[in-house]
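Read the structure below first, then the notes.
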Amino acid sequence: MSEQHDDMLDQLEAIIQERKLNPQEGSYTTSLFERGRPKIAQKVGEEATEVIVAALAQERQEQIGELADLFYHTLVLMADLGIELEAIRTELARRHKTR
């Protein structure tokens with residue numbers, strides 16, 4: 001993965017954190033935080049299902065879109081849980097070293 005793409009995930013994580021700390025009226029991210037963890041987790045589940053459907057029955061662009069939605073909602077859930085991308089990177093690196 002290129003550094004530019006990593007930067008985009010970092011930027012998205014920062015935007016999500018900003019919405020969590022400083023809610024903005026009309027922001028979808030803010031609305032998710034306001035509805036709470038059960039709704040955020042539900043959205044992750046819905047998006048995961050949509051990824052499965054896209055993988056089995058849709059074209060590449062729809063698959064990419066659904067995967068992007070899943071990444072976004074997962075980042076929102078991570079922010080709600082207080083888990084940063086760096087923790088995920090560290091865990092993946094640890095797992096890679098153990099194989």
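Starting from 1 in every chain, residues are counted up; chains themselves are A, B, ... following the order of the structure tokens, and ligands are numbered from 1 as listed.
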If you count only C-alpha atoms, which residues fall within 10 Å of stretch 12-29 of chain A, apart from same-chain ones fewer than 3 positions away, as a tab-separated table (two decimals) with C-alpha atoms, in the first residue's frame?
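The resulting file, result-v5.tsv, is shown below:
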chain	number	residue	atom	x	y	z
A	6	ASP	CA	-2.11	5.22	4.39
A	7	ASP	CA	-2.35	8.97	4.77
A	8	MET	CA	-5.98	8.86	3.61
A	9	LEU	CA	-6.88	6.34	6.31
A	32	LEU	CA	-23.67	7.85	14.44
A	33	PHE	CA	-21.90	8.87	17.65
A	34	GLU	CA	-25.13	10.42	18.95
A	40	ILE	CA	-22.52	1.98	15.11
A	71	PHE	CA	-13.76	0.63	6.35
A	72	TYR	CA	-15.44	3.93	7.26
A	73	HIS	CA	-17.97	2.40	9.65
A	75	LEU	CA	-13.17	3.37	11.82
A	76	VAL	CA	-16.19	4.99	13.50
A	77	LEU	CA	-16.61	1.94	15.73
A	78	MET	CA	-12.90	1.98	16.52
A	79	ALA	CA	-13.14	5.63	17.54
A	80	ASP	CA	-16.11	4.86	19.76
A	82	GLY	CA	-11.04	4.24	21.78
A	84	GLU	CA	-6.61	3.84	17.02
A	85	LEU	CA	-5.39	2.62	13.64
Would you give me, as a PyMOL selection string, the residues in chain A that DSSP reads as alpha helix (DSSP H)?
chain A and resi 3-21+28-35+37-57+60-81+85-97
I need the residues from that last selection saved to file as a PDB file, in the first residue's frame (with C-alpha atoms), if you can.
ATOM      1  CA  GLU A   3       2.035   6.079   1.748  1.00  0.00           C
ATOM      2  CA  GLN A   4      -0.601   8.311   0.147  1.00  0.00           C
ATOM      3  CA  HIS A   5      -3.294   5.714   0.819  1.00  0.00           C
ATOM      4  CA  ASP A   6      -2.111   5.217   4.393  1.00  0.00           C
ATOM      5  CA  ASP A   7      -2.349   8.973   4.774  1.00  0.00           C
ATOM      6  CA  MET A   8      -5.981   8.864   3.607  1.00  0.00           C
ATOM      7  CA  LEU A   9      -6.880   6.343   6.309  1.00  0.00           C
ATOM      8  CA  ASP A  10      -5.060   8.488   8.860  1.00  0.00           C
ATOM      9  CA  GLN A  11      -6.893  11.570   7.603  1.00  0.00           C
ATOM     10  CA  LEU A  12     -10.244   9.800   7.810  1.00  0.00           C
ATOM     11  CA  GLU A  13      -9.435   8.612  11.318  1.00  0.00           C
ATOM     12  CA  ALA A  14      -8.607  12.219  12.294  1.00  0.00           C
ATOM     13  CA  ILE A  15     -11.857  13.539  10.807  1.00  0.00           C
ATOM     14  CA  ILE A  16     -13.849  10.900  12.667  1.00  0.00           C
ATOM     15  CA  GLN A  17     -12.079  11.756  15.936  1.00  0.00           C
ATOM     16  CA  GLU A  18     -12.808  15.440  15.342  1.00  0.00           C
ATOM     17  CA  ARG A  19     -16.526  14.695  14.886  1.00  0.00           C
ATOM     18  CA  LYS A  20     -16.509  12.625  18.063  1.00  0.00           C
ATOM     19  CA  LEU A  21     -14.881  15.394  20.097  1.00  0.00           C
ATOM     20  CA  TYR A  28     -23.409  11.735   9.391  1.00  0.00           C
ATOM     21  CA  THR A  29     -20.475  10.769  11.603  1.00  0.00           C
ATOM     22  CA  THR A  30     -21.822  12.921  14.427  1.00  0.00           C
ATOM     23  CA  SER A  31     -25.231  11.289  14.044  1.00  0.00           C
ATOM     24  CA  LEU A  32     -23.667   7.847  14.438  1.00  0.00           C
ATOM     25  CA  PHE A  33     -21.902   8.874  17.651  1.00  0.00           C
ATOM     26  CA  GLU A  34     -25.126  10.424  18.951  1.00  0.00           C
ATOM     27  CA  ARG A  35     -27.017   7.184  18.323  1.00  0.00           C
ATOM     28  CA  ARG A  37     -22.365   2.080  20.035  1.00  0.00           C
ATOM     29  CA  PRO A  38     -25.263  -0.303  19.312  1.00  0.00           C
ATOM     30  CA  LYS A  39     -26.152   1.663  16.162  1.00  0.00           C
ATOM     31  CA  ILE A  40     -22.515   1.975  15.107  1.00  0.00           C
ATOM     32  CA  ALA A  41     -21.974  -1.767  15.564  1.00  0.00           C
ATOM     33  CA  GLN A  42     -25.190  -2.468  13.652  1.00  0.00           C
ATOM     34  CA  LYS A  43     -23.931  -0.344  10.755  1.00  0.00           C
ATOM     35  CA  VAL A  44     -20.664  -2.312  10.673  1.00  0.00           C
ATOM     36  CA  GLY A  45     -22.691  -5.523  10.468  1.00  0.00           C
ATOM     37  CA  GLU A  46     -24.897  -4.146   7.710  1.00  0.00           C
ATOM     38  CA  GLU A  47     -21.894  -2.992   5.721  1.00  0.00           C
ATOM     39  CA  ALA A  48     -20.178  -6.378   6.157  1.00  0.00           C
ATOM     40  CA  THR A  49     -23.272  -8.061   4.731  1.00  0.00           C
ATOM     41  CA  GLU A  50     -23.284  -5.632   1.813  1.00  0.00           C
ATOM     42  CA  VAL A  51     -19.621  -6.474   1.156  1.00  0.00           C
ATOM     43  CA  ILE A  52     -20.522 -10.165   0.972  1.00  0.00           C
ATOM     44  CA  VAL A  53     -23.382  -9.503  -1.449  1.00  0.00           C
ATOM     45  CA  ALA A  54     -21.166  -7.289  -3.603  1.00  0.00           C
ATOM     46  CA  ALA A  55     -18.386  -9.881  -3.626  1.00  0.00           C
ATOM     47  CA  LEU A  56     -20.762 -12.547  -4.885  1.00  0.00           C
ATOM     48  CA  ALA A  57     -23.038 -10.663  -7.248  1.00  0.00           C
ATOM     49  CA  ARG A  60     -15.787  -4.288  -9.106  1.00  0.00           C
ATOM     50  CA  GLN A  61     -16.831  -0.644  -8.565  1.00  0.00           C
ATOM     51  CA  GLU A  62     -19.737  -1.674  -6.325  1.00  0.00           C
ATOM     52  CA  GLN A  63     -17.392  -3.993  -4.436  1.00  0.00           C
ATOM     53  CA  ILE A  64     -14.934  -1.151  -3.896  1.00  0.00           C
ATOM     54  CA  GLY A  65     -17.730   1.144  -2.721  1.00  0.00           C
ATOM     55  CA  GLU A  66     -19.069  -1.381  -0.237  1.00  0.00           C
ATOM     56  CA  LEU A  67     -15.582  -2.115   1.096  1.00  0.00           C
ATOM     57  CA  ALA A  68     -14.997   1.630   1.534  1.00  0.00           C
ATOM     58  CA  ASP A  69     -18.270   1.869   3.491  1.00  0.00           C
ATOM     59  CA  LEU A  70     -17.153  -1.003   5.716  1.00  0.00           C
ATOM     60  CA  PHE A  71     -13.765   0.626   6.345  1.00  0.00           C
ATOM     61  CA  TYR A  72     -15.438   3.928   7.256  1.00  0.00           C
ATOM     62  CA  HIS A  73     -17.967   2.401   9.647  1.00  0.00           C
ATOM     63  CA  THR A  74     -15.250   0.238  11.205  1.00  0.00           C
ATOM     64  CA  LEU A  75     -13.171   3.375  11.820  1.00  0.00           C
ATOM     65  CA  VAL A  76     -16.192   4.993  13.498  1.00  0.00           C
ATOM     66  CA  LEU A  77     -16.608   1.941  15.731  1.00  0.00           C
ATOM     67  CA  MET A  78     -12.898   1.976  16.522  1.00  0.00           C
ATOM     68  CA  ALA A  79     -13.139   5.633  17.538  1.00  0.00           C
ATOM     69  CA  ASP A  80     -16.109   4.861  19.758  1.00  0.00           C
ATOM     70  CA  LEU A  81     -14.114   2.039  21.360  1.00  0.00           C
ATOM     71  CA  LEU A  85      -5.393   2.616  13.644  1.00  0.00           C
ATOM     72  CA  GLU A  86      -1.890   2.369  15.073  1.00  0.00           C
ATOM     73  CA  ALA A  87      -3.070  -0.333  17.481  1.00  0.00           C
ATOM     74  CA  ILE A  88      -4.418  -2.327  14.535  1.00  0.00           C
ATOM     75  CA  ARG A  89      -1.189  -1.838  12.577  1.00  0.00           C
ATOM     76  CA  THR A  90       0.786  -3.030  15.604  1.00  0.00           C
ATOM     77  CA  GLU A  91      -1.400  -6.117  16.023  1.00  0.00           C
ATOM     78  CA  LEU A  92      -1.136  -7.010  12.344  1.00  0.00           C
ATOM     79  CA  ALA A  93       2.650  -6.625  12.470  1.00  0.00           C
ATOM     80  CA  ARG A  94       2.782  -8.812  15.583  1.00  0.00           C
ATOM     81  CA  ARG A  95       0.731 -11.499  13.867  1.00  0.00           C
ATOM     82  CA  HIS A  96       2.899 -11.354  10.766  1.00  0.00           C
ATOM     83  CA  LYS A  97       6.037 -11.895  12.860  1.00  0.00           C
TER      84      LYS A  97
END
